[in-house]
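Asker: Structure file query-v8.pdb (PDB, C-alpha atoms) right here:
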ATOM      1  CA  LYS Z   9     100.035 149.513 -69.269  1.00  0.00           C
ATOM      2  CA  GLN Z  10     101.255 150.853 -65.924  1.00  0.00           C
ATOM      3  CA  HIS Z  11      99.257 148.073 -64.200  1.00  0.00           C
ATOM      4  CA  GLY Z  12     100.933 145.275 -66.154  1.00  0.00           C
ATOM      5  CA  PHE Z  13      98.498 144.873 -69.038  1.00  0.00           C
ATOM      6  CA  HIS Z  14      99.602 144.949 -72.665  1.00  0.00           C
ATOM      7  CA  ALA Z  15      97.302 147.324 -74.545  1.00  0.00           C
ATOM      8  CA  ILE Z  16      97.151 148.570 -78.122  1.00  0.00           C
ATOM      9  CA  HIS Z  17      94.599 151.047 -79.412  1.00  0.00           C
ATOM     10  CA  TRP Z  18      92.761 149.851 -82.512  1.00  0.00           C
ATOM     11  CA  GLN Z  19      93.685 152.990 -84.455  1.00  0.00           C
ATOM     12  CA  SER Z  20      97.334 151.909 -84.374  1.00  0.00           C
ATOM     13  CA  LEU Z  21      96.304 148.613 -86.036  1.00  0.00           C
ATOM     14  CA  GLY Z  22      93.501 149.399 -88.439  1.00  0.00           C
ATOM     15  CA  SER Z  23      91.155 151.946 -89.878  1.00  0.00           C
ATOM     16  CA  SER Z  24      89.186 154.068 -87.416  1.00  0.00           C
ATOM     17  CA  ASN Z  25      86.004 153.347 -89.389  1.00  0.00           C
ATOM     18  CA  ALA Z  26      86.538 149.574 -89.595  1.00  0.00           C
ATOM     19  CA  PRO Z  27      83.448 147.482 -88.923  1.00  0.00           C
ATOM     20  CA  ASP Z  28      83.203 145.935 -85.472  1.00  0.00           C
ATOM     21  CA  SER Z  29      83.294 142.504 -87.103  1.00  0.00           C
ATOM     22  CA  ASP Z  30      86.804 143.266 -88.458  1.00  0.00           C
ATOM     23  CA  ILE Z  31      87.986 144.239 -84.986  1.00  0.00           C
ATOM     24  CA  MET Z  32      86.518 141.049 -83.527  1.00  0.00           C
ATOM     25  CA  GLN Z  33      88.103 138.914 -86.247  1.00  0.00           C
ATOM     26  CA  ARG Z  34      91.540 140.439 -85.664  1.00  0.00           C
ATOM     27  CA  ALA Z  35      91.231 140.046 -81.888  1.00  0.00           C
ATOM     28  CA  ARG Z  36      90.204 136.400 -82.314  1.00  0.00           C
ATOM     29  CA  LYS Z  37      93.136 135.721 -84.651  1.00  0.00           C
ATOM     30  CA  GLU Z  38      95.655 137.378 -82.315  1.00  0.00           C
ATOM     31  CA  GLU Z  39      94.082 135.993 -79.125  1.00  0.00           C
ATOM     32  CA  ALA Z  40      93.533 139.535 -77.902  1.00  0.00           C
ATOM     33  CA  ILE Z  41      90.792 140.951 -75.700  1.00  0.00           C
ATOM     34  CA  VAL Z  42      88.525 143.714 -76.981  1.00  0.00           C
ATOM     35  CA  PHE Z  43      88.167 146.526 -74.434  1.00  0.00           C
ATOM     36  CA  THR Z  44      85.260 148.825 -75.244  1.00  0.00           C
ATOM     37  CA  HIS Z  45      82.494 151.146 -74.144  1.00  0.00           C
ATOM     38  CA  ASP Z  46      80.491 150.142 -77.241  1.00  0.00           C
ATOM     39  CA  LEU Z  47      77.608 147.737 -76.551  1.00  0.00           C
ATOM     40  CA  ASP Z  48      77.789 146.357 -80.101  1.00  0.00           C
ATOM     41  CA  PHE Z  49      80.655 144.003 -79.246  1.00  0.00           C
ATOM     42  CA  GLY Z  50      78.606 142.110 -76.668  1.00  0.00           C
ATOM     43  CA  ALA Z  51      75.786 141.886 -79.187  1.00  0.00           C
ATOM     44  CA  LEU Z  52      78.207 140.451 -81.773  1.00  0.00           C
ATOM     45  CA  LEU Z  53      79.250 137.763 -79.293  1.00  0.00           C
ATOM     46  CA  ALA Z  54      75.613 136.856 -78.772  1.00  0.00           C
ATOM     47  CA  GLN Z  55      74.881 136.786 -82.514  1.00  0.00           C
ATOM     48  CA  THR Z  56      77.892 134.723 -83.521  1.00  0.00           C
ATOM     49  CA  ASN Z  57      77.914 132.433 -80.467  1.00  0.00           C
ATOM     50  CA  GLU Z  58      81.726 132.312 -80.761  1.00  0.00           C
ATOM     51  CA  GLY Z  59      84.067 131.296 -77.951  1.00  0.00           C
ATOM     52  CA  ALA Z  60      86.470 134.172 -78.650  1.00  0.00           C
ATOM     53  CA  PRO Z  61      87.582 136.862 -78.447  1.00  0.00           C
ATOM     54  CA  SER Z  62      86.916 137.916 -74.896  1.00  0.00           C
ATOM     55  CA  VAL Z  63      85.317 141.328 -74.549  1.00  0.00           C
ATOM     56  CA  VAL Z  64      85.588 143.759 -71.647  1.00  0.00           C
ATOM     57  CA  GLN Z  65      82.674 146.144 -71.860  1.00  0.00           C
ATOM     58  CA  ILE Z  66      82.527 149.316 -69.769  1.00  0.00           C
ATOM     59  CA  ARG Z  67      79.015 150.360 -68.807  1.00  0.00           C
ATOM     60  CA  SER Z  68      79.396 153.605 -66.941  1.00  0.00           C
ATOM     61  CA  ASP Z  69      78.333 157.171 -67.544  1.00  0.00           C
ATOM     62  CA  SER Z  70      81.924 158.225 -66.960  1.00  0.00           C
ATOM     63  CA  THR Z  71      84.850 156.397 -68.527  1.00  0.00           C
ATOM     64  CA  HIS Z  72      87.393 158.719 -66.931  1.00  0.00           C
ATOM     65  CA  VAL Z  73      90.238 156.773 -65.367  1.00  0.00           C
ATOM     66  CA  ASN Z  74      89.780 158.560 -62.022  1.00  0.00           C
ATOM     67  CA  VAL Z  75      86.161 157.396 -61.866  1.00  0.00           C
ATOM     68  CA  ILE Z  76      86.247 153.798 -63.089  1.00  0.00           C
ATOM     69  CA  GLY Z  77      89.918 152.928 -63.618  1.00  0.00           C
ATOM     70  CA  GLY Z  78      90.384 151.162 -60.291  1.00  0.00           C
ATOM     71  CA  LYS Z  79      87.248 149.090 -60.804  1.00  0.00           C
ATOM     72  CA  ILE Z  80      88.448 148.037 -64.249  1.00  0.00           C
ATOM     73  CA  ILE Z  81      91.890 146.973 -62.998  1.00  0.00           C
ATOM     74  CA  SER Z  82      90.314 145.052 -60.115  1.00  0.00           C
ATOM     75  CA  ALA Z  83      87.846 143.276 -62.432  1.00  0.00           C
ATOM     76  CA  LEU Z  84      90.589 142.404 -64.942  1.00  0.00           C
ATOM     77  CA  ARG Z  85      92.689 140.845 -62.183  1.00  0.00           C
ATOM     78  CA  GLN Z  86      89.776 138.952 -60.625  1.00  0.00           C
ATOM     79  CA  CYS Z  87      88.593 137.591 -63.977  1.00  0.00           C
ATOM     80  CA  ALA Z  88      91.968 136.955 -65.667  1.00  0.00           C
ATOM     81  CA  LYS Z  89      91.468 133.200 -66.056  1.00  0.00           C
ATOM     82  CA  GLU Z  90      87.978 133.555 -67.500  1.00  0.00           C
ATOM     83  CA  LEU Z  91      89.183 136.219 -69.949  1.00  0.00           C
ATOM     84  CA  ARG Z  92      92.003 133.916 -71.112  1.00  0.00           C
ATOM     85  CA  ASP Z  93      89.453 131.128 -71.667  1.00  0.00           C
ATOM     86  CA  GLY Z  94      86.817 133.330 -73.339  1.00  0.00           C
ATOM     87  CA  ALA Z  95      84.371 135.613 -71.560  1.00  0.00           C
ATOM     88  CA  LEU Z  96      82.303 138.764 -71.671  1.00  0.00           C
ATOM     89  CA  LEU Z  97      83.229 140.962 -68.705  1.00  0.00           C
ATOM     90  CA  ILE Z  98      80.908 143.872 -68.001  1.00  0.00           C
ATOM     91  CA  VAL Z  99      82.333 146.511 -65.681  1.00  0.00           C
ATOM     92  CA  GLU Z 100      79.960 149.019 -64.140  1.00  0.00           C
ATOM     93  CA  SER Z 101      80.681 151.795 -61.660  1.00  0.00           C
ATOM     94  CA  HIS Z 102      79.565 149.692 -58.677  1.00  0.00           C
ATOM     95  CA  LYS Z 103      80.036 146.054 -59.789  1.00  0.00           C
ATOM     96  CA  HIS Z 104      81.192 143.720 -62.520  1.00  0.00           C
ATOM     97  CA  ARG Z 105      79.651 140.640 -64.108  1.00  0.00           C
ATOM     98  CA  ILE Z 106      81.182 137.893 -66.197  1.00  0.00           C
ATOM     99  CA  ARG Z 107      79.671 135.429 -68.650  1.00  0.00           C
ATOM    100  CA  LEU Z 108      81.670 132.626 -70.164  1.00  0.00           C
ATOM    101  CA  LEU Z 109      81.782 132.171 -73.929  1.00  0.00           C
ATOM    102  CA  PRO Z 110      80.092 131.042 -75.993  1.00  0.00           C
ATOM    103  CA  LEU Z 111      77.056 132.872 -74.668  1.00  0.00           C
ATOM    104  CA  ASN Z 112      74.696 130.120 -75.913  1.00  0.00           C
ATOM    105  CA  ILE Z 113      71.683 132.374 -76.108  1.00  0.00           C
ATOM    106  CA  ASP Z 114      69.594 129.566 -77.622  1.00  0.00           C
ATOM    107  CA  SER Z 115      69.965 127.213 -74.651  1.00  0.00           C
TER     108      SER Z 115
END
Could you spell out this file's structure in structure tokens?
Answerer:
Amino acid sequence: KQHGFHAIHWQSLGSSNAPDSDIMQRARKEEAIVFTHDLDFGALLAQTNEGAPSVVQIRSDSTHVNVIGGKIISALRQCAKELRDGALLIVESHKHRIRLLPLNIDS
């Protein structure tokens, strides 16, 4: 939030044991972006071939803000338009990658 992003933790919205599909459905409905360290959300995008919601997936051994926080903020700023339009943003400790939605795994 201190970097200008509106963020809400899922546990303030729904059950902590809710299925990932429920989280994705709510994010799609509210035009929100899912921010996660869980690889399942990227897999759900591939399975459903949906154009939303965007997912930011952290792939790093350390998710501590002092280790990867700056890289996340930088990637979010660089990819803001793509995330608004629908994308999967993967942030790693040394780089980030973006794929536009739908992922179209069959083509």
Asker: Would you write out, as a list in words, every residue that the PyMOL selection byres ((chain Z and resi 96-106) around 8) captures in this file?
Answerer: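 What the PyMOL selection byres ((chain Z and resi 96-106) around 8) grabs from the file is Gly50, Ser62, Val63, Val64, Gln65, Ile66, Arg67, Ser68, Val75, Ile76, Lys79, Ile80, Ala83, Cys87, Leu91, Gly94, Ala95, Arg107, Leu108 and Leu109 of chain Z.
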Asker: Given the file shown, enumerate the residues that the PyMOL selection byres ((chain Z and resi 37-40) around 9) captures and present them as an NGL selection string.
Answerer: :Z and (32-36 or 41-42 or 60-62 or 92)
Asker: Any idea what the distance is between CA of Ala26 (chain Z) and CA of Glu58 (chain Z)?
Answerer: 20.0 Å
Asker: Calculate how many Å separate CA of Pro110 (chain Z) from CA of Leu53 (chain Z), rounding to one decimal.
Answerer: 7.5 Å
Asker: With distances taken over only C-alpha atoms, which of Z:Phe43, Z:Trp18, Z:Lys9, Z:Lys89 is nearest to Asp30 (chain Z)?
Answerer: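 Among the listed residues, Z:Trp18 lies closest to Asp30 (chain Z).
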Asker: Could you state the separation of CA of Arg85 (chain Z) and CA of Val73 (chain Z) in Å, given to one decimal place?
Answerer: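 CA of Val73 (chain Z) lies at a distance of 16.4 Å from CA of Arg85 (chain Z).
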Asker: Determine the nearest neighbour of His45 (chain Z) from the options Z:His72, Z:Leu84, Z:Phe13, Z:Ser20, counting all atoms listed in the file.
Answerer: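 The answer is Z:His72, which sits nearest to His45 (chain Z).
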Asker: Find the residues around Asp28 (chain Z) up to 9 Å (only C-alpha atoms counted), leave out those fewer than 3 positions away in its own chain, and share them as a ChimeraX atom specification.
Answerer: /Z:25,31-33,48-49,52
Asker: Considering only C-alpha atoms, can you say which of Z:Thr44, Z:Gln86, Z:Gln10, Z:Thr56 comes closest to Ser29 (chain Z)?
Answerer: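 Comparing Z:Thr44, Z:Gln86, Z:Gln10, Z:Thr56 against Ser29 (chain Z), the winner is Z:Thr56.
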Asker: Which residue gives the smallest distance to Gly59 (chain Z) among Z:His14, Z:Gly78, Z:Gly22, Z:Glu90, with all atoms listed in the file counted?
Answerer: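 Counting all atoms listed in the file, the residue closest to Gly59 (chain Z) is Z:Glu90.
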